Amino acid sequence: MIPLVDLRAQYRGIRREVEPAVRRVLAGGRYTGGPETALFEKEFAAFCGAKHAVTCNSGTSALKLALEALGIGPGDEVIIPAMTFVATAAVILRLGARPVPVDIVPGFHTIDPQAVERKITRRTRALVPVHLYGQAAGMDALASIAHRHGLAVVEDAAQAHGARFRGQRTGTLGDAGCFSFYPSKNLGACGEGGVLVTDRADVAEKTRRARNWGMDENGLPTVPGDNNRLDELQAAILRVKLRHLVSWNRARREIARFYGLRLRGMGLDPPRAALGNFHVYHIYALEVPDRDRVRAGLLGHGVRTGVHYFPAVHLAPPLGGLGFRPGDFPRAERLARREVSLPIYPELGVEGAARVVAALGAVLGRGKG
Ligand SMILES: *Cc1c(COP(=O)(O)O)cnc(C)c1O
């Protein structure tokens with residue numbers, strides 16, 4: 001059976017580095033707010049090319065802390081893509097603000113910058129582009145729209161660790177960039193975790209306090225806050241895994257290249273990377289007719305697949321009060337109906353990918369491709 005992701009295989013590849021790091025933390029007796037967290041923040045900021053990194057307990061918390069630090073609250077409107085994981089919209093709702101979806105660019109799957117401007121009102125305060133599936137959104141066009149209208153930009157980079165837009169790493173293309181360390185992400189914890197990176201000292205300072213009961217560096221509570229911290233075990237594990245991220249992303253890209261060539265040969269329309277984008281293929285999102293039949297067929301051939309995401313976010317129940325209807329964002333809805341996520345993880349290798357392609361060829365009756 002080929003799984004969608006294989007975290008056991010990942011662990012086998014790094015256990016000789018992870019286990020001493022875990023033992024070091026366990027024996028050291030410092031389990032939160034210690035040196036591993038501080039070092040990981042330095043190392044991740046350097047990796048991104050950002051001035052500051054503030055770790056926290058999930059990607060969702062990172063988004064919430066970033067938006068809060070930028071002053072987003074009740075009555076504000078925040079523009080998001082109509083195709084994303086529900087967390088992007090949920091944090092905006094939880095802050096009392098209103099998510100305003102915009103349709104996506106077909107093929108690339110990220111928010112359509114040309115459709116953004118029509119959605120801007122007096123209440124619009126921020127854009128949250130999502131670097132969906134591992135590919136940066138069209139950040140140059142989005143940055144210039146944000147600049148013209150005085151909007152904050154918070155990148156949802158939860159799926160795009162190490163991706164680049166015109167050479168620059170994601171997370172550094174707006175006011176703040178938010179990453180998730182959910183275990184299956186390109187860089188994942190052995191548990192939960194997240195981080196936000198920023199060049200803005202004010203955003204870094206506000207989020208550092210907000211994640212730690214509003215305390216300043218002397219432990220004095222100065223503003224209302226709660227506890228959103230990362231722990232030392234996760235930080236130590238993430239420090240080990242960060243050293244592998246570039247080669248893991250390279251392996252993902254090799255698999256994607258192989259898939260792309262073969263699937264085009266089978267007459268399919270594989271996902272594309274926009275010009276100037278370094279795509280890190282967190283998810284390999286293939287559009288097929290009759291998705292459910294294809295998924296069942298692949299399962300019959302020993303290949304597990306996923307769906308990312310159904311329904312499109314504007315039609316998800318948490319947004320039910322906002323009055324969206326089927327047909328409002330047709331490109332996102334079409335993707336939600338047709339997308340099947342093929343297995344992609346570094347340990348799959350091109351050999352594993354070849355088995356997936358063979359299975360797909362058999363299911364679609366399209367030969368070897
Ligand atoms: C995973 C993910 C999140 C949430 O991150 P968590 O660490 O699971 O809270 C947010 N947005 C997107 C696009 C994601 O893929």
# chains A, B, ... in the order shown; residues from 1 in each chain; ligands from 1
call {"tool": "select_by_dssp", "arguments": {"residues": "stretch 74-295 of chain A", "states": "strand (DSSP E)", "output": "ChimeraX atom specification"}}
result
/A:77-81,98-102,124-127,152-156,164-165,168-169,176-180,194-198,277-278,284-287
call {"tool": "residues_around", "arguments": {"residues": "stretch 298-311 of chain A", "least_positions_apart": "4", "cutoff": "10 Å", "atoms": "only C-alpha atoms", "output": "JSON, numbers by chain"}}
result
{"A": [1, 2, 3, 4, 5, 82, 83, 84, 85, 86, 132, 133, 283, 284, 285, 286, 291, 292, 293, 294, 315, 316, 317, 326, 332, 333, 334, 335, 336, 337, 338, 339, 340, 341, 342, 343, 344, 352, 355, 356, 357, 358, 359, 360, 361, 362, 363, 364]}
call {"tool": "select_by_dssp", "arguments": {"residues": "stretch 209-319 of chain A", "states": "helix (DSSP H, G or I)", "output": "PyMOL selection string"}}
result
chain A and resi 209-210+232-242+245-265+291-300+313-315+317-319
call {"tool": "closest_residue", "arguments": {"among": "A:Ala21, A:Ala251, A:Ala46, A:Ala89", "to": "ligand 1", "atoms": "only C-alpha atoms and all ligand atoms"}}
result
A:Ala89
call {"tool": "closest_atom_pairs", "arguments": {"of": "stretch 46-140 of chain A", "to": "stretch 196-200 of chain A", "cutoff": "7 Å", "atoms": "only C-alpha atoms", "output": "CSV"}}
result
residue,atom,partner,partner_atom,distance
A:Ala50,CA,A:Asp199,CA,5.7
A:Lys51,CA,A:Asp199,CA,4.7
A:His52,CA,A:Thr198,CA,5.3
A:Ala53,CA,A:Val197,CA,4.3
A:Val54,CA,A:Leu196,CA,5.3
A:Thr55,CA,A:Leu196,CA,6.4
A:Ala62,CA,A:Leu196,CA,5.5
call {"tool": "write_last_selection", "arguments": {"atoms": "all heavy atoms", "output": "PDB file, in the first residue's frame"}}
result
ATOM      1  N   ALA A  50      14.360  36.310   7.248  1.00  0.00           N
ATOM      2  CA  ALA A  50      13.529  37.274   7.982  1.00  0.00           C
ATOM      3  C   ALA A  50      14.278  37.755   9.214  1.00  0.00           C
ATOM      4  O   ALA A  50      15.180  37.091   9.712  1.00  0.00           O
ATOM      5  CB  ALA A  50      12.220  36.613   8.404  1.00  0.00           C
ATOM      6  N   LYS A  51      13.891  38.928   9.711  1.00  0.00           N
ATOM      7  CA  LYS A  51      14.568  39.469  10.906  1.00  0.00           C
ATOM      8  C   LYS A  51      14.145  38.734  12.170  1.00  0.00           C
ATOM      9  O   LYS A  51      14.959  38.532  13.067  1.00  0.00           O
ATOM     10  CB  LYS A  51      14.230  40.958  11.053  1.00  0.00           C
ATOM     11  CG  LYS A  51      14.899  41.848  10.011  1.00  0.00           C
ATOM     12  CD  LYS A  51      15.127  43.266  10.557  1.00  0.00           C
ATOM     13  CE  LYS A  51      15.854  44.150   9.553  1.00  0.00           C
ATOM     14  NZ  LYS A  51      14.912  44.982   8.763  1.00  0.00           N
ATOM     15  N   HIS A  52      12.861  38.385  12.274  1.00  0.00           N
ATOM     16  CA  HIS A  52      12.343  37.794  13.508  1.00  0.00           C
ATOM     17  C   HIS A  52      11.531  36.538  13.208  1.00  0.00           C
ATOM     18  O   HIS A  52      10.818  36.498  12.207  1.00  0.00           O
ATOM     19  CB  HIS A  52      11.411  38.773  14.238  1.00  0.00           C
ATOM     20  CG  HIS A  52      11.963  40.152  14.361  1.00  0.00           C
ATOM     21  ND1 HIS A  52      12.831  40.524  15.359  1.00  0.00           N
ATOM     22  CD2 HIS A  52      11.783  41.256  13.595  1.00  0.00           C
ATOM     23  CE1 HIS A  52      13.160  41.794  15.206  1.00  0.00           C
ATOM     24  NE2 HIS A  52      12.532  42.263  14.138  1.00  0.00           N
ATOM     25  N   ALA A  53      11.625  35.570  14.109  1.00  0.00           N
ATOM     26  CA  ALA A  53      10.720  34.414  14.074  1.00  0.00           C
ATOM     27  C   ALA A  53      10.158  34.244  15.482  1.00  0.00           C
ATOM     28  O   ALA A  53      10.914  34.274  16.452  1.00  0.00           O
ATOM     29  CB  ALA A  53      11.461  33.158  13.643  1.00  0.00           C
ATOM     30  N   VAL A  54       8.852  34.081  15.562  1.00  0.00           N
ATOM     31  CA  VAL A  54       8.186  33.892  16.855  1.00  0.00           C
ATOM     32  C   VAL A  54       7.449  32.562  16.782  1.00  0.00           C
ATOM     33  O   VAL A  54       6.466  32.427  16.046  1.00  0.00           O
ATOM     34  CB  VAL A  54       7.190  35.040  17.150  1.00  0.00           C
ATOM     35  CG1 VAL A  54       6.531  34.838  18.511  1.00  0.00           C
ATOM     36  CG2 VAL A  54       7.883  36.393  17.072  1.00  0.00           C
ATOM     37  N   THR A  55       7.934  31.572  17.522  1.00  0.00           N
ATOM     38  CA  THR A  55       7.281  30.261  17.476  1.00  0.00           C
ATOM     39  C   THR A  55       6.013  30.274  18.319  1.00  0.00           C
ATOM     40  O   THR A  55       5.862  31.082  19.236  1.00  0.00           O
ATOM     41  CB  THR A  55       8.211  29.153  18.021  1.00  0.00           C
ATOM     42  OG1 THR A  55       8.668  29.543  19.319  1.00  0.00           O
ATOM     43  CG2 THR A  55       9.383  28.918  17.098  1.00  0.00           C
ATOM     44  N   ALA A  62      -0.399  31.016  14.869  1.00  0.00           N
ATOM     45  CA  ALA A  62       0.475  31.989  14.202  1.00  0.00           C
ATOM     46  C   ALA A  62      -0.361  32.985  13.407  1.00  0.00           C
ATOM     47  O   ALA A  62      -0.130  34.200  13.463  1.00  0.00           O
ATOM     48  CB  ALA A  62       1.473  31.266  13.295  1.00  0.00           C
TER      49      ALA A  62
END
